[in-house]
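Chemist: Contents are mmCIF, C-alpha atoms; file name coords-v4.cif:
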data_coords
#
loop_
_atom_site.label_atom_id
_atom_site.label_comp_id
_atom_site.auth_asym_id
_atom_site.auth_seq_id
_atom_site.Cartn_x
_atom_site.Cartn_y
_atom_site.Cartn_z
CA MET I 728 0.00 0.00 0.00
CA LYS I 729 1.20 3.50 -0.81
CA ILE I 730 -0.06 6.51 1.12
CA LYS I 731 0.47 10.10 0.08
CA ILE I 732 0.11 13.17 2.25
CA LEU I 733 -0.36 16.23 0.08
CA GLY I 734 0.36 19.69 1.43
CA SER I 735 3.04 22.34 1.35
CA GLY I 736 4.51 21.46 4.70
CA CYS I 737 2.17 23.26 7.07
CA SER I 738 1.50 22.15 10.63
CA LYS I 739 -1.72 20.49 9.53
CA CYS I 740 0.16 18.18 7.16
CA LYS I 741 2.40 17.13 10.00
CA ALA I 742 -0.62 16.34 12.15
CA LEU I 743 -2.19 14.33 9.35
CA THR I 744 1.03 12.37 8.85
CA GLU I 745 1.19 11.54 12.54
CA ASN I 746 -2.45 10.44 12.62
CA THR I 747 -1.90 8.27 9.56
CA GLN I 748 1.10 6.66 11.16
CA ALA I 749 -0.93 5.97 14.29
CA ALA I 750 -3.75 4.44 12.24
CA LEU I 751 -1.31 2.15 10.41
CA THR I 752 0.33 1.00 13.62
CA HIS I 753 -3.05 0.40 15.19
CA LEU I 754 -4.22 -1.71 12.27
CA GLY I 755 -0.87 -3.48 12.07
CA LEU I 756 -0.44 -2.46 8.42
CA GLU I 757 2.73 -1.77 6.53
CA ALA I 758 2.65 1.14 4.15
CA GLU I 759 4.93 3.61 2.52
CA ILE I 760 4.09 7.21 3.46
CA ILE I 761 5.11 9.74 0.85
CA LYS I 762 4.93 13.48 1.50
CA VAL I 763 4.02 15.52 -1.54
CA THR I 764 4.95 19.16 -1.04
CA ASP I 765 5.42 20.41 -4.58
CA PHE I 766 2.56 22.60 -5.86
CA ALA I 767 2.70 21.17 -9.34
CA GLU I 768 2.44 17.67 -8.04
CA ILE I 769 -0.32 18.51 -5.58
CA ALA I 770 -2.21 20.17 -8.40
CA ALA I 771 -1.64 17.14 -10.60
CA HIS I 772 -3.81 15.23 -8.16
CA GLY I 773 -6.54 17.86 -8.53
CA VAL I 774 -6.33 18.88 -4.90
CA MET I 775 -7.40 22.42 -3.95
CA SER I 776 -7.44 22.34 -0.20
CA THR I 777 -4.59 20.82 1.73
CA PRO I 778 -3.77 18.68 3.59
CA ALA I 779 -5.08 15.86 1.46
CA LEU I 780 -4.70 12.12 1.79
CA ALA I 781 -4.30 9.64 -1.04
CA VAL I 782 -4.32 5.87 -0.72
CA ASP I 783 -2.78 4.05 -3.69
CA ASP I 784 -2.98 7.25 -5.76
CA LYS I 785 -6.65 7.75 -5.08
CA ILE I 786 -7.58 10.92 -3.16
CA VAL I 787 -9.72 9.98 -0.18
CA SER I 788 -9.82 13.23 1.75
CA VAL I 789 -9.10 16.92 1.17
CA GLY I 790 -8.74 19.97 3.38
CA LYS I 791 -9.04 18.18 6.66
CA VAL I 792 -6.83 16.75 9.38
CA LEU I 793 -8.47 13.38 9.81
CA GLN I 794 -8.39 11.70 13.19
CA SER I 795 -6.60 8.35 13.22
CA SER I 796 -9.91 6.53 13.77
CA GLU I 797 -11.28 8.12 10.59
CA ILE I 798 -8.17 7.12 8.68
CA GLU I 799 -8.53 3.53 9.90
CA LYS I 800 -11.98 3.39 8.30
CA LEU I 801 -10.50 4.56 5.00
CA LEU I 802 -7.67 2.05 5.12
CA ARG I 803 -9.75 -1.01 5.84
CA MET H 541 -25.90 57.76 24.48
CA GLY H 542 -27.72 55.25 22.31
CA ILE H 543 -27.57 51.57 23.09
CA PHE H 544 -25.83 50.84 19.79
CA GLU H 545 -23.11 53.36 20.53
CA TRP H 546 -22.63 51.92 24.01
CA LEU H 547 -22.33 48.37 22.64
CA ASN H 548 -19.99 49.59 19.94
CA ASN H 549 -17.74 51.35 22.45
CA GLN H 550 -17.63 48.46 24.89
CA LEU H 551 -17.58 45.44 22.60
CA LEU H 552 -15.68 46.77 19.61
CA LYS H 553 -13.55 49.58 20.92
CA MET H 554 -13.33 47.85 24.32
CA GLU H 555 -13.33 50.98 26.45
CA TRP H 556 -13.57 48.80 29.56
CA LEU H 557 -10.25 47.27 28.62
CA PHE H 558 -8.74 50.70 28.00
CA TRP H 559 -9.60 51.75 31.56
CA LEU H 560 -8.53 48.42 33.04
CA VAL H 561 -5.11 48.62 31.40
CA ARG H 562 -4.88 52.23 32.50
CA VAL H 563 -5.38 51.16 36.10
CA LEU H 564 -2.72 48.49 35.63
CA VAL H 565 -0.21 50.92 34.15
CA GLU H 566 -0.82 53.77 36.61
CA ASP H 567 -1.55 51.99 39.88
CA VAL H 568 0.25 48.66 39.58
CA LEU H 569 3.27 49.63 37.49
CA GLY H 570 3.32 53.18 38.82
CA LEU H 571 3.84 54.78 35.40
CA SER H 572 2.18 58.01 34.45
CA MET H 573 0.13 58.00 31.27
CA ALA H 574 1.50 61.45 30.54
CA THR H 575 5.01 60.09 29.97
CA ALA H 576 6.08 58.44 26.74
CA THR H 577 6.98 55.23 28.58
CA GLY H 578 3.66 54.98 30.38
CA ALA H 579 1.71 55.75 27.22
CA SER H 580 3.57 53.21 25.09
CA VAL H 581 3.26 50.49 27.71
CA HIS H 582 -0.47 51.21 27.80
CA PHE H 583 -0.76 51.21 24.00
CA PHE H 584 1.10 47.92 23.80
CA ILE H 585 -0.82 45.97 26.47
CA TYR H 586 -4.22 47.38 25.49
CA ASP H 587 -3.76 46.80 21.76
CA VAL H 588 -2.32 43.31 22.10
CA ILE H 589 -5.16 42.12 24.35
CA LYS H 590 -7.79 43.82 22.22
CA ILE H 591 -6.49 42.36 18.96
CA PHE H 592 -6.15 38.87 20.45
CA ILE H 593 -9.72 38.91 21.78
CA LEU H 594 -11.12 40.19 18.48
CA LEU H 595 -8.95 37.74 16.54
CA ALA H 596 -10.26 34.72 18.43
CA VAL H 597 -13.92 35.74 18.16
CA LEU H 598 -13.69 36.84 14.53
CA ILE H 599 -11.75 33.90 13.19
CA PHE H 600 -14.14 31.54 14.89
CA THR H 601 -17.12 33.27 13.28
CA VAL H 602 -15.55 33.56 9.85
CA SER H 603 -14.44 29.92 9.91
CA TRP H 604 -17.99 28.89 10.74
CA VAL H 605 -19.32 30.72 7.69
CA GLN H 606 -16.40 29.43 5.65
CA SER H 607 -17.21 25.82 6.49
CA TYR H 608 -20.29 26.23 4.28
CA PHE H 609 -18.12 27.24 1.31
CA PRO H 610 -15.33 24.74 0.70
CA PRO H 611 -13.28 25.55 -2.44
CA GLU H 612 -15.05 22.84 -4.43
CA ARG H 613 -18.40 24.48 -3.78
CA THR H 614 -17.07 27.99 -4.44
CA ARG H 615 -15.77 26.77 -7.76
CA LYS H 616 -19.12 25.27 -8.68
CA ILE H 617 -20.98 28.47 -7.79
CA LEU H 618 -18.57 30.67 -9.75
CA GLY H 619 -18.77 28.30 -12.72
CA THR H 620 -22.45 29.04 -13.17
CA MET H 621 -21.90 32.78 -13.67
CA LYS H 622 -20.59 34.97 -16.44
CA GLY H 623 -19.06 38.40 -17.00
CA PHE H 624 -19.27 41.16 -14.44
CA LYS H 625 -21.48 39.08 -12.17
CA ALA H 626 -18.86 36.34 -12.06
CA ASN H 627 -16.12 38.83 -11.15
CA LEU H 628 -18.27 40.33 -8.43
CA ALA H 629 -19.13 36.89 -7.08
CA GLY H 630 -15.43 35.96 -7.18
CA ALA H 631 -14.56 39.08 -5.18
CA LEU H 632 -17.35 38.38 -2.68
CA MET H 633 -16.39 34.75 -2.24
CA GLY H 634 -12.84 35.95 -1.65
CA THR H 635 -14.01 37.68 1.51
CA ILE H 636 -14.97 34.43 3.22
CA THR H 637 -11.97 32.30 2.32
CA PRO H 638 -8.92 31.24 4.31
CA PHE H 639 -6.63 34.02 5.44
CA CYS H 640 -3.42 32.35 4.48
CA SER H 641 -1.80 33.14 1.16
CA CYS H 642 -0.28 29.64 1.17
CA SER H 643 -3.69 28.17 0.40
CA SER H 644 -4.35 30.50 -2.49
CA ILE H 645 -2.04 28.81 -5.00
CA PRO H 646 -3.77 25.38 -4.90
CA LEU H 647 -7.04 27.29 -5.19
CA PHE H 648 -5.72 29.16 -8.20
CA ILE H 649 -4.73 25.90 -9.88
CA GLY H 650 -8.01 24.18 -9.00
CA PHE H 651 -10.10 27.09 -10.29
CA THR H 652 -8.16 27.58 -13.49
CA SER H 653 -7.94 23.92 -14.44
CA SER H 654 -11.71 23.55 -14.14
CA GLY H 655 -12.12 26.22 -16.79
CA LEU H 656 -13.08 29.24 -14.68
CA PRO H 657 -12.11 32.42 -16.53
CA LEU H 658 -8.76 33.78 -15.38
CA GLY H 659 -10.30 37.14 -14.52
CA VAL H 660 -12.79 35.60 -12.11
CA THR H 661 -10.02 33.69 -10.37
CA PHE H 662 -8.00 36.88 -10.06
CA SER H 663 -10.95 38.83 -8.66
CA PHE H 664 -11.04 36.12 -6.04
CA LEU H 665 -7.25 36.19 -5.50
CA ILE H 666 -7.17 39.96 -5.05
CA SER H 667 -10.04 40.19 -2.60
CA SER H 668 -9.14 37.11 -0.60
CA PRO H 669 -6.24 38.55 1.44
CA LEU H 670 -7.49 42.13 1.23
CA VAL H 671 -11.04 42.02 2.47
CA ASP H 672 -12.47 39.69 5.01
CA LEU H 673 -14.98 39.93 7.78
CA ALA H 674 -12.24 40.03 10.40
CA SER H 675 -10.49 43.03 8.89
CA VAL H 676 -13.76 44.91 8.59
CA ILE H 677 -14.61 44.48 12.25
CA LEU H 678 -11.06 45.36 13.28
CA LEU H 679 -11.19 48.53 11.19
CA ALA H 680 -14.50 49.41 12.80
CA SER H 681 -12.95 48.82 16.20
CA ILE H 682 -9.84 50.89 15.62
CA PHE H 683 -11.29 53.61 13.40
CA ASN H 684 -15.04 53.66 12.82
CA TRP H 685 -17.80 52.00 10.83
CA SER H 686 -17.83 54.40 7.88
CA ILE H 687 -14.12 53.81 7.32
CA ALA H 688 -14.58 50.04 7.63
CA ILE H 689 -17.41 49.97 5.11
CA ALA H 690 -15.61 52.29 2.72
CA TYR H 691 -12.58 49.98 2.93
CA VAL H 692 -14.66 46.93 1.97
CA VAL H 693 -16.29 48.73 -0.92
CA VAL H 694 -13.03 49.96 -2.42
CA GLY H 695 -11.39 46.56 -1.84
CA LEU H 696 -14.18 44.83 -3.74
CA VAL H 697 -14.10 47.43 -6.51
CA LEU H 698 -10.36 46.88 -6.89
CA ALA H 699 -10.87 43.10 -7.07
CA VAL H 700 -13.64 43.37 -9.68
CA ILE H 701 -11.82 45.90 -11.86
CA GLY H 702 -8.51 44.03 -11.54
CA GLY H 703 -10.13 40.75 -12.55
CA THR H 704 -11.97 42.40 -15.43
CA ILE H 705 -8.78 43.93 -16.83
CA ILE H 706 -7.05 40.54 -16.61
CA SER H 707 -10.00 38.92 -18.41
CA ARG H 708 -9.73 41.41 -21.23
CA ALA H 709 -5.94 41.13 -21.51
CA ASN H 710 -6.12 37.61 -22.93
CA MET H 711 -3.59 36.21 -20.51
CA THR H 712 -4.39 32.50 -20.50
CA ARG H 713 -1.24 31.76 -22.51
CA HIS H 714 0.80 33.16 -19.62
CA VAL H 715 -0.41 30.53 -17.22
CA GLU H 716 1.99 27.60 -16.75
CA SER H 717 0.69 24.74 -18.85
CA PHE H 718 0.55 22.17 -16.04
CA VAL H 719 -2.06 24.37 -14.37
CA LEU H 720 -4.37 24.14 -17.36
CA HIS H 721 -3.94 20.40 -17.63
CA SER H 722 -4.42 19.48 -14.01
CA PRO H 723 -7.25 17.04 -13.44
CA VAL H 724 -10.45 18.26 -11.82
CA LEU H 725 -11.13 16.19 -8.78
CA ASP H 726 -14.75 15.70 -7.86
CA ILE H 727 -14.93 14.34 -4.37
CA PRO H 728 -18.45 13.85 -3.08
CA GLN H 729 -19.12 16.53 -0.49
CA VAL H 730 -19.88 15.18 2.94
CA GLU H 731 -22.42 17.19 4.87
CA LEU H 732 -20.76 18.58 7.99
CA THR H 733 -22.40 18.26 11.37
CA ARG H 734 -22.54 21.15 13.82
CA LYS H 735 -19.76 19.48 15.79
CA ASP H 736 -17.60 19.26 12.64
CA ARG H 737 -18.03 22.99 12.07
CA PHE H 738 -17.26 23.73 15.69
CA ASP H 739 -14.10 21.60 15.59
CA TYR H 740 -13.05 23.15 12.31
CA SER H 741 -13.55 26.67 13.63
CA THR H 742 -11.64 26.06 16.87
CA ALA H 743 -8.83 24.42 14.92
CA GLN H 744 -8.72 27.46 12.61
CA VAL H 745 -8.50 29.84 15.59
CA ALA H 746 -5.62 27.83 17.10
CA ASP H 747 -3.87 27.54 13.76
CA ILE H 748 -4.10 31.21 12.83
CA PHE H 749 -3.23 32.28 16.36
CA LYS H 750 -0.03 30.26 16.20
CA ARG H 751 0.80 31.78 12.87
CA VAL H 752 0.13 35.45 13.60
CA TRP H 753 0.79 36.13 17.28
CA LEU H 754 4.36 37.17 16.63
CA TYR H 755 3.32 39.55 13.84
CA VAL H 756 0.76 41.09 16.14
CA LEU H 757 3.37 41.67 18.86
CA ILE H 758 5.80 43.17 16.34
CA GLY H 759 3.07 45.28 14.74
CA VAL H 760 1.82 46.64 18.04
CA GLY H 761 5.42 47.19 19.17
CA ILE H 762 6.14 49.30 16.09
CA GLY H 763 2.82 51.05 16.62
CA ALA H 764 3.75 51.86 20.23
CA VAL H 765 7.09 53.31 19.14
CA ILE H 766 5.46 55.44 16.43
CA HIS H 767 2.72 56.44 18.84
CA ASN H 768 4.92 57.82 21.57
CA TRP H 769 8.57 58.13 20.58
CA LEU H 770 8.90 59.26 16.97
CA PRO H 771 8.59 63.03 16.63
CA GLU H 772 5.51 63.93 14.64
CA SER H 773 7.53 66.20 12.38
CA TRP H 774 9.65 63.28 11.13
CA ILE H 775 6.66 61.24 10.17
CA THR H 776 4.73 64.06 8.54
CA THR H 777 7.78 65.07 6.53
CA VAL H 778 7.76 61.69 4.79
CA LEU H 779 4.15 60.62 4.99
CA GLY H 780 2.31 63.85 5.72
CA GLN H 781 -0.89 64.86 4.01
CA ASP H 782 0.76 67.70 2.13
CA ASN H 783 2.89 65.31 0.12
CA TRP H 784 0.81 63.77 -2.62
CA TRP H 785 3.55 61.14 -3.07
CA SER H 786 3.22 59.91 0.50
CA VAL H 787 0.69 57.31 -0.69
CA LEU H 788 3.17 56.03 -3.24
CA VAL H 789 5.93 55.74 -0.62
CA ALA H 790 3.64 53.92 1.80
CA THR H 791 2.53 51.49 -0.91
CA LEU H 792 6.03 50.72 -2.13
CA ILE H 793 7.27 50.13 1.43
CA GLY H 794 4.31 47.86 2.09
CA VAL H 795 4.44 45.65 -1.02
CA PRO H 796 7.42 43.40 -0.21
CA MET H 797 6.47 43.10 3.45
CA TYR H 798 4.79 40.01 4.71
CA ALA H 799 2.37 40.39 7.58
CA ASP H 800 -1.32 40.13 7.92
CA ILE H 801 -3.98 42.60 8.69
CA PHE H 802 -3.85 41.92 12.43
CA GLY H 803 -0.23 42.98 12.62
CA THR H 804 -0.57 45.93 10.27
CA LEU H 805 -3.61 47.63 11.75
CA PRO H 806 -1.88 48.88 14.93
CA ILE H 807 0.82 50.46 12.75
CA ALA H 808 -1.82 52.16 10.61
CA GLU H 809 -3.60 53.27 13.76
CA ALA H 810 -0.46 54.86 15.20
CA LEU H 811 0.38 56.53 11.86
CA VAL H 812 -3.05 58.13 11.62
CA GLY H 813 -2.68 59.29 15.23
CA LYS H 814 0.50 61.08 14.17
CA GLY H 815 -1.20 63.04 11.43
CA VAL H 816 -0.59 60.70 8.51
CA GLY H 817 -3.45 60.78 6.02
CA LEU H 818 -6.03 58.03 6.36
CA GLY H 819 -5.53 57.08 2.71
CA THR H 820 -1.78 56.79 3.20
CA ALA H 821 -2.21 54.50 6.20
CA LEU H 822 -4.80 52.38 4.41
CA ALA H 823 -2.61 52.14 1.31
CA PHE H 824 0.22 50.85 3.47
CA MET H 825 -2.08 48.31 5.06
CA MET H 826 -3.52 47.12 1.76
CA ALA H 827 -0.07 46.84 0.19
CA VAL H 828 1.22 44.74 3.07
CA THR H 829 -1.72 42.36 3.05
CA ALA H 830 -2.44 42.09 -0.67
CA LEU H 831 1.07 41.57 -1.96
CA SER H 832 4.16 40.14 -0.36
CA LEU H 833 7.42 38.75 -1.60
CA PRO H 834 6.73 35.17 -0.42
CA SER H 835 3.31 35.05 -2.06
CA LEU H 836 4.64 36.52 -5.30
CA ILE H 837 7.39 33.92 -5.41
CA MET H 838 4.76 31.21 -5.03
CA LEU H 839 2.57 32.80 -7.68
CA LYS H 840 5.53 32.87 -10.08
CA LYS H 841 5.48 29.06 -10.07
CA VAL H 842 2.05 28.98 -11.68
CA ILE H 843 1.98 32.06 -13.90
CA LYS H 844 4.51 33.58 -16.27
CA MET H 845 6.17 36.96 -15.99
CA PRO H 846 3.82 39.09 -18.16
CA LEU H 847 0.78 38.03 -16.14
CA LEU H 848 2.62 38.42 -12.84
CA VAL H 849 3.71 41.94 -13.80
CA LEU H 850 0.19 42.84 -14.93
CA PHE H 851 -1.21 41.52 -11.63
CA ILE H 852 1.29 43.46 -9.51
CA GLY H 853 0.77 46.57 -11.66
CA ILE H 854 -3.00 46.49 -11.29
CA VAL H 855 -2.88 45.95 -7.55
CA VAL H 856 -0.24 48.62 -6.91
CA CYS H 857 -2.01 51.21 -9.08
CA GLY H 858 -5.31 50.33 -7.50
CA ILE H 859 -3.95 50.75 -3.98
CA VAL H 860 -2.33 54.09 -4.82
CA ILE H 861 -5.56 55.41 -6.35
CA ILE H 862 -7.55 54.22 -3.35
CA GLY H 863 -5.06 55.91 -1.02
CA LEU H 864 -5.31 59.20 -2.91
CA VAL H 865 -9.11 59.05 -2.95
CA PHE H 866 -9.25 58.30 0.78
CA ASN H 867 -6.88 61.19 1.54
CA ALA H 868 -9.02 63.53 -0.51
CA PHE H 869 -12.32 62.47 1.03
CA ALA H 870 -11.18 61.43 4.53
CA TYR H 871 -13.01 64.42 6.03
CA LEU H 872 -16.29 62.73 5.08
CA LEU H 873 -15.46 59.60 7.06
CA ILE H 874 -13.85 60.76 10.29
#
Is it possible to give me this structure as structure tokens?
Modeler:
Amino acid sequence: MKIKILGSGCSKCKALTENTQAALTHLGLEAEIIKVTDFAEIAAHGVMSTPALAVDDKIVSVGKVLQSSEIEKLLR
Amino acid sequence: MGIFEWLNNQLLKMEWLFWLVRVLVEDVLGLSMATATGASVHFFIYDVIKIFILLAVLIFTVSWVQSYFPPERTRKILGTMKGFKANLAGALMGTITPFCSCSSIPLFIGFTSSGLPLGVTFSFLISSPLVDLASVILLASIFNWSIAIAYVVVGLVLAVIGGTIISRANMTRHVESFVLHSPVLDIPQVELTRKDRFDYSTAQVADIFKRVWLYVLIGVGIGAVIHNWLPESWITTVLGQDNWWSVLVATLIGVPMYADIFGTLPIAEALVGKGVGLGTALAFMMAVTALSLPSLIMLKKVIKMPLLVLFIGIVVCGIVIIGLVFNAFAYLLI
């Protein structure tokens, strides 16, 4: 599984990354977390509000710091 | 005194706080308000507390309204309109969007790639940092309601005219091509609960607080120095009302600076107190908030030089004209 966190490095992106990590650990899943900070690349995903979360290149959430429980639901 | 005036003085201008801080400065710290030290300490404490209270309340309120207009929805609404109406709507929607310029670039890309006219997007981009509910209330608190309303009106006019000129200038070829070819993501909108909006708004307050508190302290600090230490003659020599070019100087100083309206207002307040024209102070404030070096560098990544220059030119000219008009008609507003 490949997970992308999209955002230009604000504090919200950091929080989202941490929550994602927590969700993965809790579910006992292995995944690669990639941080996408480049505007062009963020835009290439069609994202307007950051932070956004993509699982296997599919955007699942935009403009929100999801709680780890919410992320778990998306990962299952 | 009417009830409205009383509410206005207590809630917006916070006269109670003024007196409270005065007691603190005179009786606890033992400083006289007649001395420059006492007066600047008072200015600093009073302004910092006032701005922080207003900031928390206002950002919470604005974020609540904003939670009804995520960018995806804004884009959809703007897409249904055409011409002048679309520019006006773009400018109006700009007033209820996030305060941070860092979020405006993804918005720019998202709007443009979905086929919104460039001019509409620029109307939005110009008004977004310039005019928002928070700045209006702050202006009303520090100056008065007629100035606050006049500020909103001219800010919106600038955004609409700026966007319209960019529409006419046929500038689409000066947008970086990846912007035009970005995919349009259509995520189903989840309906937010009241708790979601509450959480979002509190998170926004915390987030913006963290980002701007230092600018507020610096801004109020500079304001306190101007207020009580700089001789009036120095300031009026450079920025006085007799010099027509004072507006130009204030604008050019303000453009590269990065701060937000919360940090700039106390400086504008102190300048006006020292006899600087209202238009000059407002021009400085608008220049600081509308344009800054960091945001221009980011914008350069998505648009090419001719469009960037046109954008800067329109905004700078607009601000200078607004400053001159305000200086000329300030007597109607104060």
Chemist: Fewer than 2 positions away in the same chain doesn't count, so skip those; otherwise give me all residues within 6 Å of region 773-785 of chain I, counting all atoms listed in the file, as a ChimeraX atom specification.
Modeler: /I:729-734,740,770-771,787-790 /H:646-647,650,723-725
Chemist: Which residues of chain H come within 10 Å of chain I, and for each one, what is the closest pair of atoms and their distance in Å to one decimal, counting all atoms listed in the file, sorted by chain and residue number, as a tab-separated table?
Modeler:
residue	atom	partner	partner_atom	distance
H:Pro610	CA	I:Ser776	CA	8.3
H:Pro611	CA	I:Met775	CA	6.8
H:Glu612	CA	I:Met775	CA	7.7
H:Cys642	CA	I:Ser735	CA	8.0
H:Ser643	CA	I:Ser776	CA	7.0
H:Ser644	CA	I:Met775	CA	8.8
H:Ile645	CA	I:Phe766	CA	7.8
H:Pro646	CA	I:Met775	CA	4.8
H:Leu647	CA	I:Met775	CA	5.0
H:Phe648	CA	I:Met775	CA	8.1
H:Ile649	CA	I:Ala770	CA	6.4
H:Gly650	CA	I:Met775	CA	5.4
H:Phe651	CA	I:Met775	CA	8.3
H:Ser653	CA	I:Gly773	CA	8.6
H:Ser654	CA	I:Gly773	CA	9.5
H:Glu716	CA	I:Ala767	CA	9.8
H:Phe718	CA	I:Ala767	CA	7.1
H:Val719	CA	I:Ala770	CA	7.3
H:His721	CA	I:Ala771	CA	8.1
H:Ser722	CA	I:Ala771	CA	5.0
H:Pro723	CA	I:Gly773	CA	5.0
H:Val724	CA	I:Gly773	CA	5.1
H:Leu725	CA	I:Gly773	CA	4.9
H:Asp726	CA	I:Gly773	CA	8.5
H:Ile727	CA	I:Val787	CA	8.0
H:Pro728	CA	I:Ser788	CA	9.9
H:Tyr740	CA	I:Lys791	CA	8.5
H:Ala743	CA	I:Val792	CA	9.7
H:Asp747	CA	I:Ser738	CA	8.2
H:Lys750	CA	I:Ser738	CA	10.0
H:Arg751	CA	I:Ser738	CA	9.9
H:Met838	CA	I:Phe766	CA	8.9
H:Lys841	CA	I:Phe766	CA	8.2
H:Val842	CA	I:Ala767	CA	8.2
Chemist: Can you work out which one of H:Ala629, H:Val856, H:Val605, H:Val745 has the shortest atom-to-atom distance to Leu696 (chain H), counting only C-alpha atoms?
Modeler: H:Ala629
Chemist: Expressed in Å to a single decimal, how great is the separation between CA of Val860 (chain H) and CA of Lys625 (chain H)?
Modeler: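 Here the two named atoms are 25.4 Å from each other.
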Chemist: How would you write, as a PDB file with C-alpha atoms, in the frame of the given file, the residues chosen by the PyMOL selection byres ((chain H and resi 846) around 12) on this structure?
Modeler:
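Below you can see expr_37.pdb, which holds the result:
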ATOM      1  CA  ILE H 706      -7.050  40.540 -16.610  1.00  0.00           C
ATOM      2  CA  ALA H 709      -5.940  41.130 -21.510  1.00  0.00           C
ATOM      3  CA  ASN H 710      -6.120  37.610 -22.930  1.00  0.00           C
ATOM      4  CA  MET H 711      -3.590  36.210 -20.510  1.00  0.00           C
ATOM      5  CA  THR H 712      -4.390  32.500 -20.500  1.00  0.00           C
ATOM      6  CA  ARG H 713      -1.240  31.760 -22.510  1.00  0.00           C
ATOM      7  CA  HIS H 714       0.800  33.160 -19.620  1.00  0.00           C
ATOM      8  CA  VAL H 715      -0.410  30.530 -17.220  1.00  0.00           C
ATOM      9  CA  GLU H 716       1.990  27.600 -16.750  1.00  0.00           C
ATOM     10  CA  LYS H 840       5.530  32.870 -10.080  1.00  0.00           C
ATOM     11  CA  ILE H 843       1.980  32.060 -13.900  1.00  0.00           C
ATOM     12  CA  LYS H 844       4.510  33.580 -16.270  1.00  0.00           C
ATOM     13  CA  MET H 845       6.170  36.960 -15.990  1.00  0.00           C
ATOM     14  CA  LEU H 847       0.780  38.030 -16.140  1.00  0.00           C
ATOM     15  CA  LEU H 848       2.620  38.420 -12.840  1.00  0.00           C
ATOM     16  CA  VAL H 849       3.710  41.940 -13.800  1.00  0.00           C
ATOM     17  CA  LEU H 850       0.190  42.840 -14.930  1.00  0.00           C
ATOM     18  CA  PHE H 851      -1.210  41.520 -11.630  1.00  0.00           C
ATOM     19  CA  ILE H 852       1.290  43.460  -9.510  1.00  0.00           C
ATOM     20  CA  GLY H 853       0.770  46.570 -11.660  1.00  0.00           C
TER      21      GLY H 853
END
